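Asker: Got my_file.txt for you, compact mmCIF, C-alpha atoms:
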# COMPACT_ATOMS: atom_id res chain seq x y z
CA MET A 119 -9.43 10.63 -15.99
CA LYS A 120 -12.19 11.68 -13.67
CA ARG A 121 -11.21 11.87 -10.04
CA SER A 122 -14.08 9.66 -8.97
CA ARG A 123 -12.68 6.94 -11.22
CA LEU A 124 -9.27 7.37 -9.62
CA LEU A 125 -10.97 6.92 -6.26
CA VAL A 126 -12.47 3.63 -7.42
CA LEU A 127 -9.04 2.55 -8.71
CA ALA A 128 -7.50 3.48 -5.35
CA ALA A 129 -10.14 1.35 -3.59
CA ILE A 130 -9.35 -1.61 -5.84
CA ALA A 131 -5.61 -1.12 -5.30
CA TYR A 132 -6.18 -1.07 -1.55
CA ILE A 133 -8.23 -4.27 -1.60
CA VAL A 134 -5.53 -6.04 -3.62
CA ALA A 135 -2.73 -4.78 -1.37
CA ALA A 136 -4.57 -5.57 1.85
CA TRP A 137 -5.57 -9.00 0.58
CA SER A 138 -1.90 -9.89 0.16
CA VAL A 139 -1.22 -9.57 3.89
CA ALA A 140 -3.20 -11.05 6.75
CA PRO A 141 -5.13 -9.75 8.57
CA GLY A 142 -5.46 -6.88 6.08
CA PHE A 143 -6.00 -3.38 7.41
CA TYR A 144 -3.75 -3.22 10.40
CA ASP A 145 -2.86 -0.20 12.43
CA GLY A 146 -1.02 -1.80 15.27
CA PHE A 147 -3.34 -0.81 18.10
CA THR A 148 -3.90 -4.30 19.31
CA PRO A 149 -1.33 -4.89 22.03
CA PRO A 150 1.54 -6.91 20.57
CA GLN A 151 0.91 -10.56 21.28
CA PRO A 152 3.77 -11.65 23.51
CA TYR A 153 6.03 -14.09 21.73
CA ASN A 154 9.57 -15.17 22.39
CA PHE A 155 11.35 -15.16 19.06
CA VAL A 156 14.57 -16.93 18.21
CA CYS A 157 14.98 -14.32 15.47
CA PRO A 158 12.81 -11.35 16.48
CA PRO A 159 11.54 -9.07 13.70
CA PRO A 160 12.54 -5.41 14.12
CA GLN A 161 9.05 -4.38 15.24
CA ALA A 162 8.93 -6.99 18.03
CA GLY A 163 10.50 -4.73 20.65
CA ALA A 164 11.99 -6.35 23.75
CA ASN A 165 12.44 -10.06 23.26
CA SER A 166 13.21 -13.05 25.45
CA GLN A 167 14.59 -16.27 24.10
CA PRO A 168 11.99 -19.01 23.68
CA SER A 169 11.80 -21.93 26.08
CA SER A 170 12.21 -25.59 25.43
CA GLY A 171 10.00 -28.33 26.87
CA ARG A 172 10.36 -31.83 28.19
CA LEU A 173 7.90 -34.59 29.07
CA ASN A 174 8.22 -38.05 30.49
CA ILE A 175 5.33 -40.28 29.45
CA LYS A 176 4.61 -43.31 31.58
CA ILE A 177 3.91 -46.71 30.09
CA ILE A 178 0.96 -48.39 31.74
CA ASN A 179 0.06 -51.95 30.75
CA GLY A 180 2.31 -51.66 27.72
CA SER A 181 0.62 -48.54 26.44
CA SER A 182 1.83 -44.94 26.61
CA ASP A 183 -0.22 -42.69 28.86
CA PRO A 184 -2.09 -39.72 27.37
CA ASN A 185 -0.25 -36.50 28.07
CA SER A 186 0.80 -33.19 26.59
CA ALA A 187 4.28 -31.83 26.03
CA PHE A 188 4.72 -28.08 25.90
CA THR A 189 7.39 -25.47 25.99
CA ASP A 190 7.70 -23.59 29.26
CA ASP A 191 6.46 -20.40 27.57
CA GLY A 192 3.46 -22.22 26.09
CA GLN A 193 4.35 -21.39 22.51
CA LEU A 194 4.05 -24.98 21.37
CA VAL A 195 1.85 -27.73 22.79
CA ILE A 196 1.57 -31.26 21.47
CA GLY A 197 -1.02 -33.62 22.90
CA PHE A 198 -0.59 -37.39 22.78
CA LEU A 199 -3.47 -39.86 22.89
CA PRO A 200 -3.30 -43.10 24.90
CA GLY A 201 -1.01 -45.49 23.05
CA ALA A 202 0.32 -42.71 20.84
CA PHE A 203 3.81 -44.26 20.93
CA ASP A 204 5.13 -47.72 20.15
CA ALA A 205 6.14 -48.53 23.71
CA THR A 206 7.67 -51.94 23.03
CA GLY A 207 10.38 -52.60 25.60
CA LYS A 208 9.96 -49.18 27.23
CA SER A 209 9.06 -48.23 30.76
CA SER A 210 8.72 -44.55 29.89
CA ILE A 211 9.11 -42.29 26.88
CA ASN A 212 10.90 -38.96 26.85
CA VAL A 213 9.68 -36.16 24.61
CA THR A 214 11.69 -33.00 24.11
CA ILE A 215 10.82 -29.77 22.35
CA THR A 216 13.65 -27.45 21.37
CA PRO A 217 13.49 -24.12 19.56
CA VAL A 218 15.84 -24.25 16.59
CA SER A 219 18.62 -21.71 16.35
CA PRO A 220 19.68 -20.22 13.99
CA CYS A 221 16.33 -19.76 12.30
CA PRO A 222 15.95 -21.92 9.21
CA THR A 223 15.05 -20.15 5.98
CA PRO A 224 13.68 -22.86 3.73
CA ASN A 225 13.36 -22.10 0.05
CA GLY A 226 9.89 -20.93 -0.92
CA LEU A 227 8.59 -20.70 2.62
CA LYS A 228 8.33 -17.92 5.13
CA PHE A 229 8.00 -18.89 8.77
CA THR A 230 6.38 -16.41 11.13
CA THR A 231 6.93 -18.54 14.23
CA ASN A 232 10.03 -20.15 15.64
CA THR A 233 10.94 -23.53 14.28
CA TYR A 234 10.84 -26.28 16.89
CA LEU A 235 12.38 -29.73 16.95
CA ILE A 236 10.17 -32.30 18.66
CA THR A 237 11.81 -35.62 19.41
CA ALA A 238 10.86 -38.74 21.35
CA ASP A 239 12.78 -41.90 22.13
CA ALA A 240 9.98 -44.05 20.72
CA PRO A 241 8.17 -43.91 17.38
CA LEU A 242 4.83 -42.13 17.17
CA VAL A 243 2.06 -44.44 15.99
CA LYS A 244 -1.01 -42.26 16.45
CA SER A 245 -1.68 -38.77 15.21
CA SER A 246 -1.10 -36.07 17.79
CA ASN A 247 -2.57 -32.63 18.07
CA LEU A 248 -0.02 -29.84 17.66
CA VAL A 249 -0.82 -26.22 18.58
CA MET A 250 1.58 -23.37 17.85
CA ARG A 251 1.16 -19.84 19.08
CA TYR A 252 2.18 -16.87 16.94
CA SER A 253 2.47 -13.12 17.31
CA ASN A 254 0.59 -10.31 15.64
CA VAL A 255 3.83 -8.44 15.01
CA SER A 256 4.25 -10.70 11.98
CA GLN A 257 1.82 -11.86 9.34
CA ASP A 258 -0.58 -14.59 10.36
CA PRO A 259 0.68 -18.04 9.35
CA SER A 260 -1.43 -20.06 6.94
CA TYR A 261 -0.02 -23.52 7.61
CA ILE A 262 2.17 -25.60 9.86
CA TYR A 263 5.07 -27.25 8.07
CA ARG A 264 6.95 -30.36 9.13
CA ALA A 265 10.33 -31.72 8.08
CA LYS A 266 12.56 -34.58 9.15
CA SER A 267 15.64 -32.49 8.65
CA LEU A 268 16.28 -28.76 8.46
CA ASP A 269 17.26 -29.24 4.83
CA GLY A 270 13.70 -30.30 4.12
CA PRO A 271 11.60 -31.22 2.34
CA TRP A 272 8.95 -29.36 4.32
CA THR A 273 5.51 -30.95 4.31
CA ARG A 274 2.47 -28.72 4.61
CA LEU A 275 0.08 -30.05 7.24
CA PRO A 276 -3.66 -29.37 7.10
CA VAL A 277 -4.63 -26.78 9.70
CA GLN A 278 -7.61 -27.18 11.97
CA GLN A 279 -10.27 -24.76 13.08
CA GLN A 280 -8.63 -22.01 15.11
CA ALA A 281 -9.68 -22.47 18.72
CA GLN A 282 -7.96 -19.42 20.17
CA LEU A 283 -6.65 -16.15 18.86
CA TYR A 284 -3.07 -16.25 17.63
CA THR A 285 -2.87 -20.01 17.55
CA ILE A 286 -2.66 -22.45 14.67
CA SER A 287 -3.09 -26.18 15.07
CA THR A 288 -2.77 -29.38 13.11
CA GLN A 289 -2.55 -33.15 13.45
CA THR A 290 0.77 -34.88 12.94
CA ASP A 291 1.63 -38.54 12.72
CA GLN A 292 5.37 -37.91 12.83
CA LEU A 293 7.72 -35.88 14.96
CA GLY A 294 10.52 -33.70 13.63
CA TYR A 295 10.91 -30.03 12.83
CA PHE A 296 7.82 -27.81 12.90
CA GLY A 297 7.30 -24.21 11.87
CA ALA A 298 4.24 -22.11 11.01
CA GLY A 299 4.20 -19.76 8.05
CA PHE A 300 3.12 -19.54 4.46
CA PRO A 301 4.54 -20.00 0.96
CA ALA A 302 6.82 -17.06 0.21
CA ASN A 303 5.22 -16.47 -3.17
CA ALA A 304 1.65 -16.80 -1.95
CA ILE A 305 -0.83 -14.80 0.02
CA SER A 306 -0.90 -15.32 3.73
CA THR A 307 -4.38 -16.23 4.89
CA SER A 308 -5.62 -16.61 8.41
CA THR A 309 -7.31 -19.81 9.37
CA SER A 310 -11.02 -19.57 9.92
CA SER A 311 -12.24 -18.86 13.36
CA ASN A 312 -15.27 -19.10 15.53
CA GLN A 313 -15.01 -15.35 16.18
CA GLU A 314 -16.67 -14.13 13.01
CA ILE A 315 -17.40 -10.61 14.18
CA LEU A 316 -15.66 -8.79 11.38
CA PRO A 317 -17.86 -10.00 8.51
CA ILE A 318 -20.87 -8.96 10.56
CA VAL A 319 -19.36 -5.50 11.11
CA VAL A 320 -18.79 -5.09 7.37
CA ALA A 321 -22.25 -6.41 6.55
CA VAL A 322 -23.80 -3.94 8.99
CA LEU A 323 -21.79 -1.09 7.43
CA ILE A 324 -22.94 -2.03 3.94
CA VAL A 325 -26.58 -2.32 5.01
CA ALA A 326 -26.35 1.01 6.86
CA VAL A 327 -24.90 2.71 3.79
CA LEU A 328 -27.59 1.26 1.55
CA LEU A 329 -30.47 2.00 3.90
CA ALA A 330 -29.37 5.52 4.75
CA GLY A 331 -28.04 6.29 1.29
CA VAL A 332 -31.36 5.98 -0.52
CA PRO A 333 -33.30 8.54 1.57
CA LEU A 334 -30.31 10.87 1.69
CA THR A 335 -29.95 10.75 -2.08
CA VAL A 336 -33.67 11.38 -2.53
CA LEU A 337 -33.53 14.32 -0.11
CA ARG A 338 -30.56 15.78 -1.95
CA ARG A 339 -32.24 15.55 -5.35
CA ARG A 340 -35.60 17.06 -4.34
CA PRO A 341 -34.35 20.63 -3.84
CA ALA A 342 -32.49 20.41 -7.13
CA ARG A 343 -35.64 19.37 -8.99
CA ALA A 344 -37.66 22.03 -7.18
CA GLY A 345 -35.20 24.60 -8.46
CA GLY A 346 -36.06 23.56 -12.02
CA ARG A 347 -32.68 22.30 -13.00
CA GLY A 348 -30.32 19.56 -12.02
CA ARG A 349 -27.65 20.48 -9.61
CA ARG A 350 -24.19 19.46 -10.48
CA ASP A 351 -22.15 18.29 -7.58
CA GLU A 352 -19.24 20.64 -7.74
CA ASP A 353 -17.15 18.36 -5.58
CA GLU A 354 -17.48 15.28 -7.71
CA ASP A 355 -16.40 14.20 -11.13
CA GLU A 356 -14.04 17.05 -11.77
CA ASP A 357 -11.89 16.47 -14.79
CA GLU A 358 -8.20 16.30 -14.14
CA MET B 166 8.23 21.92 8.89
CA LEU B 167 4.77 20.39 9.26
CA LEU B 168 5.95 17.17 7.63
CA ALA B 169 8.93 16.92 10.00
CA TYR B 170 6.70 17.56 13.00
CA VAL B 171 4.17 14.91 12.02
CA LEU B 172 6.79 12.28 11.16
CA LEU B 173 8.78 12.90 14.31
CA LEU B 174 5.64 12.61 16.39
CA GLU B 175 4.57 9.37 14.74
CA TRP B 176 8.00 7.75 15.05
CA THR B 177 8.30 8.82 18.68
CA ARG B 178 4.85 7.41 19.35
CA ALA B 179 5.75 4.13 17.66
CA LEU B 180 8.96 3.75 19.66
CA THR B 181 7.34 4.78 22.94
CA ALA B 182 4.53 2.28 22.39
CA THR B 183 7.04 -0.60 22.55
CA ILE B 184 7.69 0.20 26.22
CA PRO B 185 5.49 -2.01 28.40
CA GLY B 186 2.57 -0.03 29.81
CA ALA B 187 3.22 2.97 27.59
CA VAL B 188 0.92 2.04 24.68
CA VAL B 189 -2.17 3.93 25.83
CA PRO B 190 -0.37 7.14 26.92
CA ALA B 191 1.68 7.07 23.70
CA LEU B 192 -1.45 6.78 21.58
CA LEU B 193 -3.36 9.45 23.50
CA LEU B 194 -0.50 11.94 23.50
CA GLY B 195 0.39 11.08 19.92
CA GLY B 196 -3.20 11.62 18.82
CA ALA B 197 -3.38 14.96 20.61
CA GLY B 198 -0.04 16.04 19.17
CA LEU B 199 -1.10 15.10 15.65
CA ALA B 200 -4.36 17.03 16.02
CA LEU B 201 -2.28 20.10 16.88
CA ALA B 202 -0.96 20.01 13.32
CA ALA B 203 -4.29 21.53 12.31
CA TRP B 204 -3.61 24.63 14.41
CA GLY B 205 -4.39 27.75 12.42
CA TRP B 206 -6.08 25.97 9.51
CA PRO B 207 -9.73 26.85 8.85
CA ALA B 208 -12.03 23.85 9.23
CA GLU B 209 -13.15 24.12 5.60
CA ARG B 210 -9.57 23.86 4.33
CA LEU B 211 -9.11 20.72 6.39
CA GLY B 212 -12.21 19.15 4.88
CA LEU B 213 -14.09 19.48 8.15
CA GLY B 214 -17.03 21.54 6.97
CA THR B 215 -20.47 20.69 8.33
CA SER B 216 -22.39 20.87 5.06
CA ARG B 217 -23.83 17.54 3.85
CA LEU B 218 -22.79 16.00 7.16
CA GLY B 219 -25.16 13.06 6.71
CA LEU B 220 -23.55 12.14 3.43
CA ARG B 221 -20.07 12.60 4.86
CA LEU B 222 -20.85 10.26 7.74
CA LEU B 223 -22.42 7.78 5.38
CA GLY B 224 -19.37 8.00 3.15
CA GLY B 225 -17.25 7.22 6.17
CA LEU B 226 -19.23 4.04 6.78
CA ALA B 227 -18.81 3.02 3.14
CA LEU B 228 -15.09 3.75 3.30
CA ALA B 229 -14.81 1.71 6.50
CA ALA B 230 -16.51 -1.21 4.76
CA VAL B 231 -13.90 -1.04 1.99
CA LEU B 232 -11.02 -0.85 4.50
CA LEU B 233 -12.30 -3.88 6.41
CA LEU B 234 -13.40 -5.92 3.42
CA PRO B 235 -10.17 -7.91 2.87
CA ALA B 236 -9.94 -8.91 6.51
CA ALA B 237 -13.65 -9.73 6.68
CA ALA B 238 -13.43 -11.89 3.58
CA ARG B 239 -10.80 -13.99 5.31
CA VAL B 240 -13.06 -14.47 8.32
CA SER B 241 -10.07 -13.65 10.47
CA ALA B 242 -10.11 -13.91 14.21
CA VAL B 243 -10.12 -10.39 15.54
CA PRO B 244 -9.24 -9.37 19.04
CA THR B 245 -11.44 -7.04 21.03
CA LEU B 246 -9.65 -3.90 22.12
CA PRO B 247 -9.75 -3.13 25.84
CA GLY B 248 -11.65 0.07 26.68
CA ALA B 249 -8.62 2.26 27.38
CA LEU B 250 -6.89 1.10 24.22
CA ALA B 251 -10.06 1.66 22.20
CA MET B 252 -10.25 5.27 23.41
CA ALA B 253 -6.58 5.75 22.60
CA ALA B 254 -7.07 4.21 19.16
CA ILE B 255 -9.93 6.65 18.48
CA ALA B 256 -7.72 9.56 19.56
CA VAL B 257 -4.83 8.59 17.34
CA SER B 258 -7.07 7.76 14.37
CA ILE B 259 -8.60 11.23 14.49
CA GLY B 260 -5.18 12.79 15.04
CA GLU B 261 -3.68 10.96 12.07
CA GLU B 262 -6.49 11.97 9.74
CA VAL B 263 -6.37 15.60 10.85
CA ALA B 264 -2.58 15.66 10.43
CA PHE B 265 -2.11 13.69 7.20
CA ARG B 266 -5.31 14.16 5.18
CA GLY B 267 -6.12 17.46 6.86
CA ALA B 268 -3.26 19.86 7.51
CA LEU B 269 -0.50 18.14 5.51
CA PHE B 270 -2.81 17.56 2.54
CA ALA B 271 -3.90 21.21 2.57
CA ALA B 272 -0.33 22.47 2.88
CA LEU B 273 0.90 20.27 0.02
CA GLU B 274 -2.09 21.25 -2.11
CA ASP B 275 -1.12 24.89 -1.65
CA ILE B 276 2.44 24.11 -2.73
CA GLY B 277 1.95 21.79 -5.69
CA GLY B 278 -1.73 21.16 -6.29
CA ALA B 279 -3.81 18.03 -5.98
CA PRO B 280 -1.31 15.41 -7.25
CA ILE B 281 1.38 16.56 -4.81
CA ALA B 282 -1.15 16.62 -1.99
CA VAL B 283 -2.30 13.05 -2.67
CA LEU B 284 1.14 11.56 -3.29
CA GLY B 285 2.90 13.58 -0.60
CA SER B 286 0.40 12.80 2.13
CA THR B 287 0.41 9.12 1.13
CA LEU B 288 4.21 8.92 1.22
CA ALA B 289 4.34 10.72 4.56
CA TRP B 290 1.64 8.43 5.99
CA THR B 291 3.54 5.35 4.82
CA ALA B 292 6.84 6.63 6.21
CA ALA B 293 5.14 7.44 9.51
CA HIS B 294 4.13 3.78 9.87
CA ALA B 295 7.53 2.38 8.95
CA LEU B 296 8.57 1.87 12.57
CA SER B 297 5.31 0.47 13.86
CA HIS B 298 4.41 -1.94 11.09
CA PRO B 299 6.09 -5.02 9.62
CA VAL B 300 7.64 -4.25 6.26
CA GLU B 301 5.20 -6.64 4.55
CA PHE B 302 2.29 -4.46 5.66
CA LEU B 303 3.63 -1.20 4.24
CA PRO B 304 2.17 -1.63 0.72
CA ALA B 305 -1.27 -2.07 2.30
CA VAL B 306 -0.63 0.93 4.55
CA ALA B 307 0.35 2.99 1.50
CA ALA B 308 -2.71 1.82 -0.42
CA ALA B 309 -4.95 2.76 2.51
CA GLY B 310 -3.31 6.18 2.63
CA LEU B 311 -3.84 6.63 -1.09
CA LEU B 312 -7.49 5.65 -0.83
CA LEU B 313 -8.14 8.03 2.06
CA ALA B 314 -6.26 10.84 0.29
CA MET B 315 -8.26 10.27 -2.91
CA TRP B 316 -11.46 10.48 -0.89
CA ARG B 317 -10.25 13.75 0.61
CA LEU B 318 -9.47 15.07 -2.86
CA VAL B 319 -12.65 13.96 -4.61
CA PHE B 320 -15.14 14.97 -1.94
CA LYS B 321 -13.04 17.66 -0.22
CA ASP B 322 -14.03 15.83 2.93
CA LEU B 323 -12.17 14.67 6.01
CA VAL B 324 -15.18 13.47 8.02
CA GLY B 325 -15.44 10.30 5.92
CA PRO B 326 -11.76 9.31 6.37
CA ILE B 327 -11.98 10.03 10.11
CA VAL B 328 -15.09 7.86 10.53
CA ALA B 329 -13.60 5.09 8.39
CA HIS B 330 -10.22 5.14 10.13
CA VAL B 331 -11.79 5.03 13.59
CA ILE B 332 -14.09 2.13 12.69
CA ALA B 333 -11.30 0.18 11.01
CA ASP B 334 -8.94 0.65 13.94
CA LEU B 335 -11.58 -0.40 16.44
CA ALA B 336 -12.55 -3.44 14.38
CA LEU B 337 -9.00 -4.67 13.80
Spit out the file's structure as structure tokens when you get a sec.
Answerer:
Amino acid sequence: MKRSRLLVLAAIAYIVAAWSVAPGFYDGFTPPQPYNFVCPPPQAGANSQPSSGRLNIKIINGSSDPNSAFTDDGQLVIGFLPGAFDATGKSSINVTITPVSPCPTPNGLKFTTNTYLITADAPLVKSSNLVMRYSNVSQDPSYIYRAKSLDGPWTRLPVQQQAQLYTISTQTDQLGYFGAGFPANAISTSTSSNQEILPIVVAVLIVAVLLAGVPLTVLRRRPARAGGRGRRDEDEDEDE
Amino acid sequence: MLLAYVLLLEWTRALTATIPGAVVPALLLGGAGLALAAWGWPAERLGLGTSRLGLRLLGGLALAAVLLLPAAARVSAVPTLPGALAMAAIAVSIGEEVAFRGALFAALEDIGGAPIAVLGSTLAWTAAHALSHPVEFLPAVAAAGLLLAMWRLVFKDLVGPIVAHVIADLAL
């Protein structure tokens, strides 16, 4: 097989391999995004245990106040709208967020964040916005999953537009266990972002190659024609 | 000997980079150390000739587009590297190409011909990233190494892989 064909095959193999992991080409020069893992991956380096969070929501005129609960290390934030809880008979509502240890390993799923248990002493009646931070020392999560118990079943929640780097967010109408990851047998895909620089970079590269390639090719062929015979590129298309 | 030197340097760099504040020095020193692997090799044998430089540079841009294509297709959020880290990333990208697709490739080609050079440099490149990358990324790392090594073999050129590697590292 000609070497140039092997090169094309290698390019296709690379695209397939890089597509199977988000973000794709990755050389680890971006500073590791700080993250406190319950179960740190080997490449995480020094690790601190993740924090829990606690919030007391006031009831004003029979309705729960808007507020946000978050872990002390900011790795999980959940925002509650006014009247998000059924406050019947309550003067305040306590929300707690606890990182789950040991790390759950649900069948068919791979979590790249910690799993957190979010509880409240009143039922949630309005959807709340949940934001989870993740680290770039693991693959980017594709979804946030929720379960009532660690045994599952885990429900995949629709993710929202990524507002910040290394965060993934969703809306949830129930509390329980939350973890971000992707199906173990599927391709991890980043959520879309408002920072769409990379496609522009690639587009510019392609345009540059096309624009510069045509004149360069023409310039290369002219001397060959002037010499009265085609010039074979001795570097290319050598038979194996 | 060369293989041991390059691997040891890469693993040391990867471990040192986990120390807070040591990332930039580790990358700069690692890049310089890797470039030293080319000591004594003629530029032509490393694929660093200056003939057809325009095409080599252009090839590097095309190769960079291929390396970045999967990430670009996902419309991933990409961080912007701080200036010091960007300089360090350039240094280590050049150093890695000179070491793996330059000196190591040439040495392996002398020993066992083209197939050994391509496979050996790809395996060494993958092993060198074993400590710095999550295991899930290693197939993509290996595939990138194979692609860059094939480019080096087909075009006898290292300028393209250097340009592509630098652009890809800066962009991601």
Asker: Which residue gives the smallest distance to chain A among B:Leu273, B:Leu337, B:Met166, B:Ala329, with only C-alpha atoms counted?
Answerer: B:Leu337
Asker: I'd like the box whose edges run along x, y and z of the file and which contains every listed atom of region 227-240 of chain B, padded by 6 Å per side; could you state its centre and edge lengths in Å, one decimal, as JSON?
Answerer:
{"center_x": -14.4, "center_y": -5.4, "center_z": 5.2, "size_x": 20.9, "size_y": 30.2, "size_z": 18.3}
Asker: So that I can check the surroundings of Pro301 (chain A), please list as a ChimeraX atom specification every protein, DNA and RNA residue that reaches within 7 Å of it, counting only C-alpha atoms and ignoring chain neighbours fewer than 6 positions away.
Answerer: /A:226-228
Asker: Tell me as a ChimeraX atom specification which residues belonging to chain B come within 8 Å of chain A, counting all atoms listed in the file.
Answerer: /B:183-184,188,219-220,223-224,226-227,229-244,246,250,254,296-299,301-302,304-306,308-309,311-312,315-316,319-321,333-334,336-337
Asker: What is the CA of Arg264 (chain A)-CA of Pro152 (chain A) distance in Å, reported with one decimal?
Answerer: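 Those two atoms sit 23.8 Å apart.
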Asker: Extract, using all atoms listed in the file, all DNA, RNA and protein residues at most 9 Å from region 166-177 of chain A, discarding same-chain residues fewer than 3 positions from it, and format them as an MDAnalysis selection string.
Answerer: chainID A and resid 153:157 180:194 201 205 208:217 232 234
